[in-house]
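Here is the structure we will look at.
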Amino acid sequence: MFKQTLSSKAQILSASQDGARTPQAEASAEDRDRTNTVIGRRNLWLLLVAFTLTALVQIVVASRSGLWADEVFSLAMATGHSLEHPAAAADPTLGDFVEPNHPVLAEEFRRYLKHDEPPASPARIIRAVLLSDTNPPLYYLLVYAWTLIFGTSDIVLRLFSIVCSLACLPLLVGVARGTGGKGAVFASCVLFAFSPLSIYYSTEGRMYSLLWLCVLATAWTSLVLQQRGGGSATYVLWTVASAAGFLTHYFFIFPWMAMVVFLVMRPGKFERQRLLACIFVVGLAILPWYLMVPDSLGRWRVTQGWLKSEPARFDRLRATSNDFFQFFSGASILWGYRLRSASAAAIAALALFAVVAAAMAWRLRLRMFHGRRLFLWLWFMAACATPSVVDLLEGTYAADYPRYALAGLPAAYLLAAVGFVCLGRRIRAIMLLLILLAWAPNVSSIYRNRSRSWSPIREISHAACANNSPSDLILVHSIPSGVLGIARYAEGPVALASWVGQLGTRQMPESLHKLAAGRTRIVFVKVHEVREPAPEEDWLHTNAVVFSERRLATGRIVDFRPINSKTF
């Protein structure tokens with residue numbers, strides 16, 4: 001009997017070595033294949049559900065608030081209208097902003113946020129960016145094409161950002177598989193999709209979700225080329241993604257350099273000679289723009305040097321810490337969060353991620369920095385340190401503005417997903433659910449529009465236009481994008497006048513006399529003025545009566561009436 005058993009086992013072993021399968025082995029393999037298929041389909045359905053919920057949440061959030069000044073600026077750039085140039089450099093025939101020397105209807109200002117007839121050319125978009133912005137032009141060129149097709153409404157502008165954010169998810173799946181295995185896919189996608197910061201910036205008419213798309217595309221192609229090489233199409237995709245990132249935001253260079261350093265250290269099948277060739281092609285592709293960068297950054301702008309103005313209660317350590325921790329706390333200074341006074345929910349979220357990090361450190365130890373996990377660490381650290389490095393070099397306060405570290409957001413959740421793989425399946429699900437619950441208050445705040453309530457331009461405009469008559473004047477003290485924002489949401493046949501102090505086109509009291517002549521009241525609006533003094537308000541306080549005054553977050557609305565007469 002014993003000999004028969006040995007003989008049977010020997011036959012099984014021999015058959016397996018010869019490539020043949022016994023009935024038992026075939027049944028076991030079929031069971032594994034069936035289980036893997038079921039798990040694969042379940043994960044696919046879960047990802048599809050997450051994708052659908054993400055799209056719904058983002059669209060709902062995007063539709064609940066008006067644009068703020070930077071988004072208004074985006075729309076002006078994308079329609080070919082420069083806003084921040086010196087007054088003497090304005091060319092009205094090319095759509096440049098010109099401050100009217102008399103009150104005008106709101107529609108006169110709104111034209112800067114619409115396409116001309118015929119529309120501006122792409123060359124004019126690039127000119128407007130050179131004159132007004134300190135970012136590269138790719139985002140504005142893409143929004144230019146987008147708005148030509150779909151229009152220039154608020155939701156259309158933000159839908160472009162939403163589409164870019166949703167396009168990140170398939171790339172995130174690929175990078176998660178390559179760095180943490182299949183177990184990291186679902187967690188990374190859920191964290192990315194439902195992070196308060198991700199929801200906020202995915203629904204903002206700025207270039208940050210396009211930046212994520214470029215960073216993720218570069219990361220994914222880097223890992224593909226390193227692991228298994230690729231055809232010419234993959235090399236072209238790496239080159240295009242890299243060039244697109246450089247032409248979307250200047251801070252792309254930091255995570256990109258981290259990825260290149262990793263590929264030089266661990267080239268795999270992405271040979272260093274090929275990497276250098278791709279870098280050379282990227283350089284050629286972006287050279288035409290970057291040759292103009294010194295001249296562009298050296299131009300005077302309305303908001304010139306705003307990053308060199310020290311924010312109130314600025315603390316370097318706190319600001320730098322927030323650039324790293326914001327992704328995990330689910331909170332940001334954009335909606336009232338400060339590390340020293342973090343909410344209980346934010347502290348809970350940080351504690352939960354700390355548990356995940358501890359599990360990863362315990363299970364992997366130093367291996368958490370090995371292989372492709374090192375790729376994620378280099379990417380994350382480079383992106384989060386970017387604002388502080390720029391501050392050190394330029395004497396700015398970029399670290400106090402968390403959006404400048406946003407290129408690290410995908411890496412943050414990919415690293416967290418690696419930590420989730422170190423947990424048991426049930427514990428993993430519980431931890432993920434608890435993190436989403438800890439994030440819920442800030443997601444709710446974004447949904448209720450409290451996150452953008454610090455600059456509620458639409459609400460300020462509606463309040464200023466309430467009970468307005470044709471004989472009234474709305475005098476807006478702001479930068480050009482703030483003036484256009486008030487005009488965008490102005491209601492009725494209201495007369496508006498801008499007072500952009502930085503342009504230097506107004507003189508006191510002559511300009512105010514001319515603007516106010518014959519008006520029964522002046523509704524003074526001060527919003528997003530970028531610390532520019534308001535001498536016209538001082539004059540009004542001295543020579544008129546304050547009928548009412550109202551504050552809406554950072555905006556002020558003051559109703560001035562004439563003294564001892566019906567009109568000014």
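Convention: chains lettered A, B, ... in structure tokens order; per-chain residue numbering from 1; ligands numbered from 1 as shown.
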Query raised in the report: Which residues come within 10 Å of Cys214 in chain A, counting only C-alpha atoms, excluding same-chain residues fewer than 3 positions away, as a list of chain:residue names?
Result: A:Cys164, A:Cys168, A:Tyr208, A:Ser209, A:Leu210, A:Leu211, A:Ala217, A:Thr218, A:Ala219, A:Trp220, A:Trp238, A:Val240, A:Ala241, A:Ser242, A:Ala243, A:Ala244, A:Gly245, A:Phe246, A:Leu247, A:Thr248, A:His249, A:Phe252, A:Trp256, A:Ala407
Compile the contact shell of Tyr140 in chain A as an mmCIF file with N, CA and C atoms, in the first residue's frame: residues with an atom at most 7 Å away, counting only C-alpha atoms, same-chain residues fewer than 2 positions apart removed.
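Writing done, so here's result05.cif:
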```
data_model
loop_
_atom_site.group_PDB
_atom_site.id
_atom_site.type_symbol
_atom_site.label_atom_id
_atom_site.label_comp_id
_atom_site.auth_asym_id
_atom_site.auth_seq_id
_atom_site.Cartn_x
_atom_site.Cartn_y
_atom_site.Cartn_z
ATOM 1 N N SER A 74 -9.365 82.505 -15.255
ATOM 2 C CA SER A 74 -9.207 81.392 -16.194
ATOM 3 C C SER A 74 -10.067 81.599 -17.426
ATOM 4 N N MET A 77 -8.659 84.370 -19.686
ATOM 5 C CA MET A 77 -7.500 83.907 -20.448
ATOM 6 C C MET A 77 -7.927 82.995 -21.596
ATOM 7 N N ALA A 78 -8.860 82.081 -21.299
ATOM 8 C CA ALA A 78 -9.276 81.090 -22.291
ATOM 9 C C ALA A 78 -10.087 81.701 -23.433
ATOM 10 N N PRO A 137 0.719 77.967 -20.761
ATOM 11 C CA PRO A 137 -0.554 78.198 -21.447
ATOM 12 C C PRO A 137 -1.406 76.970 -21.765
ATOM 13 N N LEU A 138 -0.931 75.732 -21.517
ATOM 14 C CA LEU A 138 -1.655 74.572 -22.023
ATOM 15 C C LEU A 138 -3.075 74.498 -21.492
ATOM 16 N N LEU A 142 -6.518 74.449 -23.838
ATOM 17 C CA LEU A 142 -7.491 73.356 -23.820
ATOM 18 C C LEU A 142 -8.878 73.863 -23.431
ATOM 19 N N VAL A 143 -8.938 74.771 -22.449
ATOM 20 C CA VAL A 143 -10.226 75.357 -22.064
ATOM 21 C C VAL A 143 -10.776 76.231 -23.187
ATOM 22 N N TYR A 144 -9.899 76.882 -23.926
ATOM 23 C CA TYR A 144 -10.300 77.654 -25.109
ATOM 24 C C TYR A 144 -11.083 76.755 -26.084
#
```
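When only C-alpha atoms are used to measure the gap to Leu364 in chain A, the shortest distance among A:Phe270, A:Gly180, A:Ile563, A:Ala516 belongs to A:Gly180.
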Query raised in the report: A:Ala176, A:Leu496, A:Val302, A:Leu540: which is nearest Phe560 in chain A, counting only C-alpha atoms?
Result: A:Leu540
Requested in this report: Find the residues near Ala87 in chain A: any atom within 10 Å, counting only C-alpha atoms, skip ones fewer than 6 places away on the same chain, and give them as a VMD selection string.
Outcome: chain A and resid 96 to 99 301 to 302 502 to 505
What would the file look like if the residues just selected were written as a CSV table (one decimal), in the first residue's frame with C-alpha atoms?
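Here's the written file selection_0.csv:
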```csv
chain,number,residue,atom,x,y,z
A,96,ASP,CA,-7.2,93.6,-23.3
A,97,PHE,CA,-8.9,94.9,-20.2
A,98,VAL,CA,-9.3,98.6,-20.2
A,99,GLU,CA,-10.8,100.4,-17.2
A,301,ARG,CA,1.2,92.6,-13.4
A,302,VAL,CA,-1.7,93.9,-11.3
A,502,GLN,CA,-2.9,99.0,-9.1
A,503,LEU,CA,-3.5,100.3,-12.6
A,504,GLY,CA,-3.1,103.9,-11.6
A,505,THR,CA,-5.7,105.2,-13.9
```
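For range 276-279 of chain A, the non-local neighbours within 6 Å, defined as residues at least 3 positions apart in the same chain or in other chains and counting only C-alpha atoms, are Thr239, Gln273 and Val282 of chain A.
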Report task. From range 158-407 of chain A, collect each residue whose DSSP state is helix (DSSP H, G or I) and return the set as a VMD selection string. Result -> chain A and resid 158 to 180 182 to 194 196 to 202 208 to 228 232 to 246 250 to 265 272 to 290 293 to 297 306 to 308 316 to 329 333 to 335 339 to 341 344 to 369 371 to 394 398 to 400 402 to 407
What's around Gly178 in chain A at 9 Å? Count only C-alpha atoms, leave out sequence neighbours fewer than 2 positions away in its own chain, and write the answer as a PDB file with N, CA and C atoms, in the first residue's frame.
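Writing done, so here's result-v5.pdb:
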```pdb
ATOM      1  N   VAL A 173      -5.241  53.405 -11.338  1.00  0.00           N
ATOM      2  CA  VAL A 173      -5.328  51.943 -11.248  1.00  0.00           C
ATOM      3  C   VAL A 173      -4.026  51.316 -11.724  1.00  0.00           C
ATOM      4  N   GLY A 174      -3.514  51.786 -12.862  1.00  0.00           N
ATOM      5  CA  GLY A 174      -2.279  51.232 -13.397  1.00  0.00           C
ATOM      6  C   GLY A 174      -1.091  51.451 -12.486  1.00  0.00           C
ATOM      7  N   VAL A 175      -0.968  52.657 -11.925  1.00  0.00           N
ATOM      8  CA  VAL A 175       0.158  52.939 -11.026  1.00  0.00           C
ATOM      9  C   VAL A 175       0.015  52.150  -9.728  1.00  0.00           C
ATOM     10  N   ALA A 176      -1.217  52.014  -9.223  1.00  0.00           N
ATOM     11  CA  ALA A 176      -1.435  51.245  -7.990  1.00  0.00           C
ATOM     12  C   ALA A 176      -1.055  49.782  -8.184  1.00  0.00           C
ATOM     13  N   GLY A 180       1.796  48.681  -5.657  1.00  0.00           N
ATOM     14  CA  GLY A 180       1.279  48.015  -4.462  1.00  0.00           C
ATOM     15  C   GLY A 180       0.554  46.721  -4.747  1.00  0.00           C
ATOM     16  N   GLY A 181       0.441  46.346  -6.021  1.00  0.00           N
ATOM     17  CA  GLY A 181      -0.278  45.127  -6.367  1.00  0.00           C
ATOM     18  C   GLY A 181      -1.772  45.372  -6.486  1.00  0.00           C
ATOM     19  N   LYS A 182      -2.502  44.307  -6.829  1.00  0.00           N
ATOM     20  CA  LYS A 182      -3.950  44.422  -7.030  1.00  0.00           C
ATOM     21  C   LYS A 182      -4.669  44.903  -5.773  1.00  0.00           C
ATOM     22  N   TRP A 220       2.696  56.522 -14.771  1.00  0.00           N
ATOM     23  CA  TRP A 220       2.289  55.214 -15.303  1.00  0.00           C
ATOM     24  C   TRP A 220       3.206  54.765 -16.426  1.00  0.00           C
ATOM     25  N   LEU A 223       6.603  53.594 -15.132  1.00  0.00           N
ATOM     26  CA  LEU A 223       6.604  52.251 -14.555  1.00  0.00           C
ATOM     27  C   LEU A 223       6.469  51.178 -15.631  1.00  0.00           C
ATOM     28  N   VAL A 224       5.662  51.442 -16.636  1.00  0.00           N
ATOM     29  CA  VAL A 224       5.510  50.474 -17.739  1.00  0.00           C
ATOM     30  C   VAL A 224       6.832  50.290 -18.460  1.00  0.00           C
ATOM     31  N   GLN A 227       9.382  48.406 -16.259  1.00  0.00           N
ATOM     32  CA  GLN A 227       9.115  46.989 -15.996  1.00  0.00           C
ATOM     33  C   GLN A 227       9.246  46.130 -17.248  1.00  0.00           C
ATOM     34  N   ARG A 372       9.609  49.838  -6.282  1.00  0.00           N
ATOM     35  CA  ARG A 372       8.730  50.876  -6.816  1.00  0.00           C
ATOM     36  C   ARG A 372       8.076  51.715  -5.735  1.00  0.00           C
TER      37      ARG A 372
END
```
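In this comparison, which uses only C-alpha atoms, the residue of A:His85, A:Arg124, A:Arg550, A:Arg506 approaching Ala534 in chain A most closely is A:Arg506.
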Query - Non-local contacts of Leu406 in chain A (8 Å; only C-alpha atoms; under 4 positions in same chain excluded) as number ranges by chain - result: A: 208, 212, 383-384, 402
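The interatomic distance for the pair CA of Gly408 in chain A and CA of Phe380 in chain A works out to 4.8 Å.
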